[in-house]
Amino acid sequence: MRGFPISATTFKKLSHIKTELVKNKHALVLMAPYFLIFTVFTVIPVFMSVLLSFTYFNMLEFPRFVGWDNYAQLFVADDVFLIAVKNTFLFAFITGPISYVACFIFAWLINELPPKLRAVLTLILYAPSIAGNTYLIWQTLFSSDSYGFMNSFLMKWGFILEPIQWLQDPRYMLPILMAVQLWLSLGTSFLAFIAGLQNVDRTLYEAGAIDGIRNRWQELWFITLPAMRPQLMFGAVIQITSAFAVAEISIYMIGFPSVDYAAHTIVTHLVDYGTIRFQMGYASAIATILFAIMMLTNLITQKLLKKVGE
């Protein structure tokens with residue numbers, strides 16, 4: 001039996017790939033455990049979630065194929081999901097860019113300081129993201145009785161006459177969650193930006209001065225940011241993920257479900273159907289939509305970061 005004919009160009013490409021594989025076999029062996037773990041615990045679960053999103057699966061019966069019914073119900077019959085989408089996008093489009101820019105600005109300013117002072121300030125700014133019982137601090141600050149710090153301050157100075165139900169009033173829930181998220185946002189992205197700034201080749205600034213760069217803003221746009229594209233992309237992925245995947249803050253501070261679903265997000269909706277109602281097919285559809293939103297946002301961010309320095 002004759003095989004399919006292979007053109008000379010294709011044969012050269014295959015030979016080149018084979019040569020590269022043999023040349024880098026040691027590196028591939030070292031990376032193999034990571035790729036295996038990544039495939040088993042990330043790629044396969046995502047693929048299975050997409051498949052389950054087209055089924056009815058209640059953890060007791062074998063999944064039953066229902067086609068696009070789960071997605072149709074999400075966008076047509078599930079009013080709570082639409083509220084969750086609105087809250088999530090509002091939360092992400094406010095906290096995401098602000099926290100991203102704040103991470104870079106603080107990292108840029110701290111990078112100019114002496115090493116010891118830089119280390120101390122980095123620890124101080126990074127501490128909230130790793131501190132335990134952070135929600136207890138904010139719950140005390142916005143406690144609904146007169147002993148809460150915010151109510152006590154406002155009543156003492158005559159701004160209000162009776163305590164405000166900060167964490168029970170739908171008007172205040174989302175802004176408070178945004179404030180907490182911004183307070184916690186100087187985390188991994190912040191450290192990545194500091195590392196990126198430390199690794200910028202200093203000779204680039206000398207070359208830039210010769211080529212006509214005259215101030216710090218031009219240095220930032222034409223030298224610093226282009227040299228930090230990997231760290232900028234990493235930070236963007238982290239901030240996008242944390243902004244769209246917000247749930248823990250809402251559950252611990254506001255409660256679950258929140259009053260009038262004012263603090264309901266896509267992930268809390270996913271928690272509701274996945275871990276409480278055990279409607280795994282429907283929950284998988286929610287997760288698939290969230291995954292698609294994050295991927296689309298990441299692609300847009302990549303295109304925007306490619307324009308840095310132009």
# chains A, B, ... in the order shown; residues from 1 in each chain; ligands from 1
>>> select_by_dssp(residues="range 31-271 of chain A", states="strand (DSSP E or B)", output="PDB file with N, CA, C and O atoms, in the first residue's frame")
ATOM      1  N   THR A  55     -24.842  18.484  28.612  1.00  0.00           N
ATOM      2  CA  THR A  55     -25.566  17.353  29.191  1.00  0.00           C
ATOM      3  C   THR A  55     -26.346  17.783  30.428  1.00  0.00           C
ATOM      4  O   THR A  55     -26.125  18.859  30.976  1.00  0.00           O
ATOM      5  N   TYR A  56     -27.268  16.915  30.832  1.00  0.00           N
ATOM      6  CA  TYR A  56     -27.891  17.036  32.160  1.00  0.00           C
ATOM      7  C   TYR A  56     -27.213  16.001  33.039  1.00  0.00           C
ATOM      8  O   TYR A  56     -27.261  14.808  32.777  1.00  0.00           O
ATOM      9  N   ARG A  64     -26.846  12.927  30.510  1.00  0.00           N
ATOM     10  CA  ARG A  64     -27.785  12.818  29.397  1.00  0.00           C
ATOM     11  C   ARG A  64     -27.632  14.030  28.486  1.00  0.00           C
ATOM     12  O   ARG A  64     -27.723  15.165  28.931  1.00  0.00           O
ATOM     13  N   PHE A  65     -27.379  13.787  27.216  1.00  0.00           N
ATOM     14  CA  PHE A  65     -27.140  14.866  26.265  1.00  0.00           C
ATOM     15  C   PHE A  65     -28.399  15.705  26.072  1.00  0.00           C
ATOM     16  O   PHE A  65     -29.477  15.182  25.800  1.00  0.00           O
TER      17      PHE A  65
END
>>> residues_around(residues="Gly274 in chain A", least_positions_apart="3", cutoff="12 Å", atoms="only C-alpha atoms", output="VMD selection string")
chain A and resid 49 53 57 to 59 266 to 271 277 to 287
>>> write_last_selection(atoms="N, CA, C and O atoms", output="PDB file, in the first residue's frame")
ATOM      1  N   SER A  49     -15.304  19.595  31.133  1.00  0.00           N
ATOM      2  CA  SER A  49     -16.319  20.587  31.512  1.00  0.00           C
ATOM      3  C   SER A  49     -17.084  21.063  30.287  1.00  0.00           C
ATOM      4  O   SER A  49     -18.312  21.228  30.338  1.00  0.00           O
ATOM      5  N   SER A  53     -21.116  20.445  29.657  1.00  0.00           N
ATOM      6  CA  SER A  53     -22.021  21.588  29.533  1.00  0.00           C
ATOM      7  C   SER A  53     -23.157  21.318  28.556  1.00  0.00           C
ATOM      8  O   SER A  53     -24.150  22.045  28.557  1.00  0.00           O
ATOM      9  N   PHE A  57     -26.557  16.451  34.110  1.00  0.00           N
ATOM     10  CA  PHE A  57     -25.788  15.548  34.964  1.00  0.00           C
ATOM     11  C   PHE A  57     -25.983  15.979  36.408  1.00  0.00           C
ATOM     12  O   PHE A  57     -25.634  17.094  36.789  1.00  0.00           O
ATOM     13  N   ASN A  58     -26.571  15.091  37.215  1.00  0.00           N
ATOM     14  CA  ASN A  58     -26.863  15.425  38.614  1.00  0.00           C
ATOM     15  C   ASN A  58     -26.015  14.632  39.602  1.00  0.00           C
ATOM     16  O   ASN A  58     -26.356  14.533  40.774  1.00  0.00           O
ATOM     17  N   MET A  59     -24.911  14.041  39.151  1.00  0.00           N
ATOM     18  CA  MET A  59     -23.976  13.273  39.985  1.00  0.00           C
ATOM     19  C   MET A  59     -24.516  11.889  40.367  1.00  0.00           C
ATOM     20  O   MET A  59     -23.785  11.089  40.934  1.00  0.00           O
ATOM     21  N   ILE A 266     -20.574  35.548  38.635  1.00  0.00           N
ATOM     22  CA  ILE A 266     -20.647  34.315  37.843  1.00  0.00           C
ATOM     23  C   ILE A 266     -20.110  33.134  38.644  1.00  0.00           C
ATOM     24  O   ILE A 266     -20.674  32.034  38.602  1.00  0.00           O
ATOM     25  N   VAL A 267     -19.043  33.348  39.401  1.00  0.00           N
ATOM     26  CA  VAL A 267     -18.456  32.237  40.153  1.00  0.00           C
ATOM     27  C   VAL A 267     -19.366  31.825  41.309  1.00  0.00           C
ATOM     28  O   VAL A 267     -19.489  30.634  41.601  1.00  0.00           O
ATOM     29  N   THR A 268     -20.001  32.782  41.997  1.00  0.00           N
ATOM     30  CA  THR A 268     -20.934  32.392  43.066  1.00  0.00           C
ATOM     31  C   THR A 268     -22.135  31.655  42.473  1.00  0.00           C
ATOM     32  O   THR A 268     -22.692  30.757  43.113  1.00  0.00           O
ATOM     33  N   HIS A 269     -22.530  32.028  41.260  1.00  0.00           N
ATOM     34  CA  HIS A 269     -23.607  31.288  40.572  1.00  0.00           C
ATOM     35  C   HIS A 269     -23.137  29.870  40.254  1.00  0.00           C
ATOM     36  O   HIS A 269     -23.906  28.905  40.389  1.00  0.00           O
ATOM     37  N   LEU A 270     -21.882  29.758  39.864  1.00  0.00           N
ATOM     38  CA  LEU A 270     -21.303  28.442  39.609  1.00  0.00           C
ATOM     39  C   LEU A 270     -21.250  27.609  40.882  1.00  0.00           C
ATOM     40  O   LEU A 270     -21.566  26.413  40.873  1.00  0.00           O
ATOM     41  N   VAL A 271     -20.862  28.224  41.986  1.00  0.00           N
ATOM     42  CA  VAL A 271     -20.833  27.528  43.276  1.00  0.00           C
ATOM     43  C   VAL A 271     -22.231  27.050  43.656  1.00  0.00           C
ATOM     44  O   VAL A 271     -22.408  25.935  44.166  1.00  0.00           O
ATOM     45  N   ARG A 277     -26.582  22.603  44.488  1.00  0.00           N
ATOM     46  CA  ARG A 277     -27.664  21.910  43.772  1.00  0.00           C
ATOM     47  C   ARG A 277     -27.178  20.670  43.019  1.00  0.00           C
ATOM     48  O   ARG A 277     -27.985  19.841  42.610  1.00  0.00           O
ATOM     49  N   PHE A 278     -25.875  20.572  42.799  1.00  0.00           N
ATOM     50  CA  PHE A 278     -25.269  19.432  42.086  1.00  0.00           C
ATOM     51  C   PHE A 278     -25.843  19.247  40.687  1.00  0.00           C
ATOM     52  O   PHE A 278     -25.970  18.124  40.217  1.00  0.00           O
ATOM     53  N   GLN A 279     -26.154  20.345  40.021  1.00  0.00           N
ATOM     54  CA  GLN A 279     -26.529  20.295  38.610  1.00  0.00           C
ATOM     55  C   GLN A 279     -25.250  20.547  37.802  1.00  0.00           C
ATOM     56  O   GLN A 279     -24.977  21.657  37.349  1.00  0.00           O
ATOM     57  N   MET A 280     -24.477  19.490  37.638  1.00  0.00           N
ATOM     58  CA  MET A 280     -23.125  19.631  37.117  1.00  0.00           C
ATOM     59  C   MET A 280     -23.097  20.035  35.649  1.00  0.00           C
ATOM     60  O   MET A 280     -22.184  20.727  35.209  1.00  0.00           O
ATOM     61  N   GLY A 281     -24.077  19.606  34.860  1.00  0.00           N
ATOM     62  CA  GLY A 281     -24.127  20.026  33.465  1.00  0.00           C
ATOM     63  C   GLY A 281     -24.350  21.518  33.344  1.00  0.00           C
ATOM     64  O   GLY A 281     -23.678  22.214  32.573  1.00  0.00           O
ATOM     65  N   TYR A 282     -25.287  22.029  34.134  1.00  0.00           N
ATOM     66  CA  TYR A 282     -25.586  23.460  34.129  1.00  0.00           C
ATOM     67  C   TYR A 282     -24.396  24.253  34.667  1.00  0.00           C
ATOM     68  O   TYR A 282     -24.035  25.297  34.120  1.00  0.00           O
ATOM     69  N   ALA A 283     -23.778  23.751  35.734  1.00  0.00           N
ATOM     70  CA  ALA A 283     -22.598  24.404  36.296  1.00  0.00           C
ATOM     71  C   ALA A 283     -21.448  24.420  35.287  1.00  0.00           C
ATOM     72  O   ALA A 283     -20.694  25.401  35.195  1.00  0.00           O
ATOM     73  N   SER A 284     -21.295  23.351  34.523  1.00  0.00           N
ATOM     74  CA  SER A 284     -20.242  23.290  33.505  1.00  0.00           C
ATOM     75  C   SER A 284     -20.482  24.324  32.409  1.00  0.00           C
ATOM     76  O   SER A 284     -19.533  24.900  31.872  1.00  0.00           O
ATOM     77  N   ALA A 285     -21.753  24.561  32.076  1.00  0.00           N
ATOM     78  CA  ALA A 285     -22.066  25.593  31.086  1.00  0.00           C
ATOM     79  C   ALA A 285     -21.657  26.973  31.610  1.00  0.00           C
ATOM     80  O   ALA A 285     -21.104  27.797  30.870  1.00  0.00           O
ATOM     81  N   ILE A 286     -21.918  27.231  32.880  1.00  0.00           N
ATOM     82  CA  ILE A 286     -21.504  28.503  33.493  1.00  0.00           C
ATOM     83  C   ILE A 286     -19.983  28.634  33.448  1.00  0.00           C
ATOM     84  O   ILE A 286     -19.438  29.688  33.102  1.00  0.00           O
ATOM     85  N   ALA A 287     -19.284  27.548  33.808  1.00  0.00           N
ATOM     86  CA  ALA A 287     -17.819  27.572  33.810  1.00  0.00           C
ATOM     87  C   ALA A 287     -17.263  27.773  32.398  1.00  0.00           C
ATOM     88  O   ALA A 287     -16.268  28.481  32.212  1.00  0.00           O
TER      89      ALA A 287
END
>>> closest_residue(among="A:Tyr273, A:Asn111, A:Ile251, A:Leu177", to="Ala195 in chain A", atoms="only C-alpha atoms")
A:Asn111
>>> residues_around(residues="range 256-263 of chain A", least_positions_apart="5", cutoff="7 Å", atoms="only C-alpha atoms", output="PyMOL selection string")
chain A and resi 87+168+170+173-174+250-251
>>> atom_distance(atom1="CA of Phe104 in chain A", atom2="CA of Lys86 in chain A")
27.4 Å
>>> atom_distance(atom1="CA of Ile276 in chain A", atom2="CA of Ile44 in chain A")
23.6 Å
>>> select_by_dssp(residues="range 48-286 of chain A", states="helix (DSSP H, G or I)", output="PyMOL selection string")
chain A and resi 48-52+69-77+79-111+115-130+134-141+149-156+170-184+188-198+203-211+216-227+229-244+248-253+259-261+266-276+280-286
>>> closest_atom_pairs(of="range 65-114 of chain A", to="range 291-306 of chain A", cutoff="12 Å", atoms="only C-alpha atoms", output="JSON lines")
{"residue": "A:Val85", "atom": "CA", "partner": "A:Ile293", "partner_atom": "CA", "distance": 10.5}
{"residue": "A:Thr88", "atom": "CA", "partner": "A:Ile293", "partner_atom": "CA", "distance": 10.8}
{"residue": "A:Phe89", "atom": "CA", "partner": "A:Ile293", "partner_atom": "CA", "distance": 9.9}
{"residue": "A:Ala92", "atom": "CA", "partner": "A:Thr297", "partner_atom": "CA", "distance": 10.6}
{"residue": "A:Phe93", "atom": "CA", "partner": "A:Thr297", "partner_atom": "CA", "distance": 10.6}
{"residue": "A:Gly96", "atom": "CA", "partner": "A:Thr297", "partner_atom": "CA", "distance": 11.1}
{"residue": "A:Pro97", "atom": "CA", "partner": "A:Thr301", "partner_atom": "CA", "distance": 10.8}
{"residue": "A:Tyr100", "atom": "CA", "partner": "A:Thr301", "partner_atom": "CA", "distance": 11.8}
>>> write_last_selection(atoms="C-alpha atoms", output="PDB file, in the first residue's frame")
ATOM      1  CA  VAL A  85     -22.896  38.688  34.544  1.00  0.00           C
ATOM      2  CA  THR A  88     -19.007  40.496  37.304  1.00  0.00           C
ATOM      3  CA  PHE A  89     -18.340  42.747  34.313  1.00  0.00           C
ATOM      4  CA  ALA A  92     -13.877  43.367  36.531  1.00  0.00           C
ATOM      5  CA  PHE A  93     -13.852  46.498  34.363  1.00  0.00           C
ATOM      6  CA  GLY A  96      -9.055  45.033  36.927  1.00  0.00           C
ATOM      7  CA  PRO A  97      -7.519  48.081  35.168  1.00  0.00           C
ATOM      8  CA  TYR A 100      -3.188  46.547  37.218  1.00  0.00           C
TER       9      TYR A 100
END
>>> closest_residue(among="A:Tyr135, A:Trp108, A:Tyr172, A:Phe149", to="Val200 in chain A", atoms="only C-alpha atoms")
A:Trp108
>>> decode(residues="range 174-205 of chain A", atoms="N, CA, C and O atoms", output="CSV table (one decimal), in the first residue's frame")
chain,number,residue,atom,x,y,z
A,174,LEU,N,-21.6,46.2,46.4
A,174,LEU,CA,-20.6,46.0,45.3
A,174,LEU,C,-19.4,47.0,45.5
A,174,LEU,O,-18.2,46.7,45.3
A,175,PRO,N,-19.7,48.3,45.8
A,175,PRO,CA,-18.6,49.2,46.0
A,175,PRO,C,-17.6,48.8,47.1
A,175,PRO,O,-16.4,49.0,47.0
A,176,ILE,N,-18.2,48.2,48.2
A,176,ILE,CA,-17.4,47.8,49.3
A,176,ILE,C,-16.5,46.6,48.8
A,176,ILE,O,-15.3,46.5,49.1
A,177,LEU,N,-17.1,45.7,48.1
A,177,LEU,CA,-16.3,44.5,47.6
A,177,LEU,C,-15.2,45.0,46.6
A,177,LEU,O,-14.1,44.5,46.6
A,178,MET,N,-15.5,46.0,45.8
A,178,MET,CA,-14.4,46.6,45.0
A,178,MET,C,-13.3,47.2,45.8
A,178,MET,O,-12.1,47.0,45.5
A,179,ALA,N,-13.6,47.9,46.9
A,179,ALA,CA,-12.6,48.5,47.7
A,179,ALA,C,-11.7,47.4,48.3
A,179,ALA,O,-10.5,47.5,48.4
A,180,VAL,N,-12.3,46.3,48.8
A,180,VAL,CA,-11.6,45.2,49.4
A,180,VAL,C,-10.7,44.6,48.3
A,180,VAL,O,-9.5,44.2,48.6
A,181,GLN,N,-11.2,44.4,47.1
A,181,GLN,CA,-10.4,43.7,46.1
A,181,GLN,C,-9.2,44.6,45.7
A,181,GLN,O,-8.1,44.1,45.5
A,182,LEU,N,-9.4,45.9,45.6
A,182,LEU,CA,-8.3,46.8,45.3
A,182,LEU,C,-7.3,46.8,46.4
A,182,LEU,O,-6.0,46.8,46.2
A,183,TRP,N,-7.7,46.7,47.7
A,183,TRP,CA,-6.8,46.6,48.8
A,183,TRP,C,-5.9,45.3,48.8
A,183,TRP,O,-4.8,45.3,49.2
A,184,LEU,N,-6.5,44.2,48.2
A,184,LEU,CA,-5.8,43.0,48.2
A,184,LEU,C,-5.1,42.8,46.9
A,184,LEU,O,-4.4,41.7,46.7
A,185,SER,N,-5.2,43.7,46.0
A,185,SER,CA,-4.7,43.5,44.6
A,185,SER,C,-3.2,43.5,44.4
A,185,SER,O,-2.7,43.1,43.4
A,186,LEU,N,-2.4,44.1,45.4
A,186,LEU,CA,-1.0,44.2,45.2
A,186,LEU,C,-0.4,42.9,45.6
A,186,LEU,O,0.3,42.7,46.6
A,187,GLY,N,-0.5,41.9,44.8
A,187,GLY,CA,-0.1,40.6,45.1
A,187,GLY,C,1.0,40.1,44.1
A,187,GLY,O,2.0,40.7,43.9
A,188,THR,N,0.7,39.0,43.4
A,188,THR,CA,1.7,38.4,42.5
A,188,THR,C,2.1,39.3,41.4
A,188,THR,O,3.3,39.4,41.0
A,189,SER,N,1.1,40.0,40.8
A,189,SER,CA,1.4,40.9,39.7
A,189,SER,C,2.4,42.0,40.2
A,189,SER,O,3.4,42.4,39.4
A,190,PHE,N,2.2,42.5,41.3
A,190,PHE,CA,3.1,43.5,41.9
A,190,PHE,C,4.5,43.0,42.0
A,190,PHE,O,5.5,43.7,41.6
A,191,LEU,N,4.7,41.8,42.5
A,191,LEU,CA,6.0,41.2,42.6
A,191,LEU,C,6.6,40.9,41.2
A,191,LEU,O,7.9,41.1,41.0
A,192,ALA,N,5.8,40.5,40.3
A,192,ALA,CA,6.3,40.3,38.9
A,192,ALA,C,6.8,41.6,38.3
A,192,ALA,O,7.8,41.6,37.6
A,193,PHE,N,6.1,42.7,38.5
A,193,PHE,CA,6.5,43.9,37.9
A,193,PHE,C,7.8,44.4,38.6
A,193,PHE,O,8.7,45.0,37.9
A,194,ILE,N,8.0,44.2,39.9
A,194,ILE,CA,9.3,44.6,40.5
A,194,ILE,C,10.4,43.8,39.9
A,194,ILE,O,11.5,44.3,39.6
A,195,ALA,N,10.2,42.5,39.7
A,195,ALA,CA,11.2,41.6,39.2
A,195,ALA,C,11.5,42.1,37.7
A,195,ALA,O,12.7,42.1,37.3
A,196,GLY,N,10.5,42.4,37.0
A,196,GLY,CA,10.7,42.9,35.6
A,196,GLY,C,11.5,44.2,35.5
A,196,GLY,O,12.4,44.3,34.7
A,197,LEU,N,11.2,45.1,36.4
A,197,LEU,CA,11.9,46.3,36.5
A,197,LEU,C,13.4,46.1,36.9
A,197,LEU,O,14.3,46.8,36.4
A,198,GLN,N,13.6,45.2,37.7
A,198,GLN,CA,15.0,44.9,38.2
A,198,GLN,C,15.8,44.3,37.0
A,198,GLN,O,17.1,44.4,37.0
A,199,ASN,N,15.2,43.6,36.1
A,199,ASN,CA,15.9,42.9,35.0
A,199,ASN,C,16.0,43.7,33.7
A,199,ASN,O,16.5,43.2,32.7
A,200,VAL,N,15.5,44.9,33.7
A,200,VAL,CA,15.7,45.7,32.5
A,200,VAL,C,17.1,46.1,32.3
A,200,VAL,O,17.8,46.5,33.2
A,201,ASP,N,17.6,45.9,31.1
A,201,ASP,CA,19.1,46.1,30.8
A,201,ASP,C,19.3,47.6,30.9
A,201,ASP,O,18.7,48.4,30.1
A,202,ARG,N,20.2,48.1,31.8
A,202,ARG,CA,20.5,49.5,32.0
A,202,ARG,C,21.1,50.2,30.8
A,202,ARG,O,21.0,51.4,30.6
A,203,THR,N,21.8,49.4,29.9
A,203,THR,CA,22.4,50.0,28.8
A,203,THR,C,21.4,50.5,27.8
A,203,THR,O,21.7,51.3,26.9
A,204,LEU,N,20.2,50.0,27.9
A,204,LEU,CA,19.1,50.5,27.0
A,204,LEU,C,18.8,51.9,27.2
A,204,LEU,O,18.5,52.7,26.3
A,205,TYR,N,18.9,52.3,28.5
A,205,TYR,CA,18.6,53.7,28.8
A,205,TYR,C,19.7,54.7,28.2
A,205,TYR,O,19.5,55.8,27.7
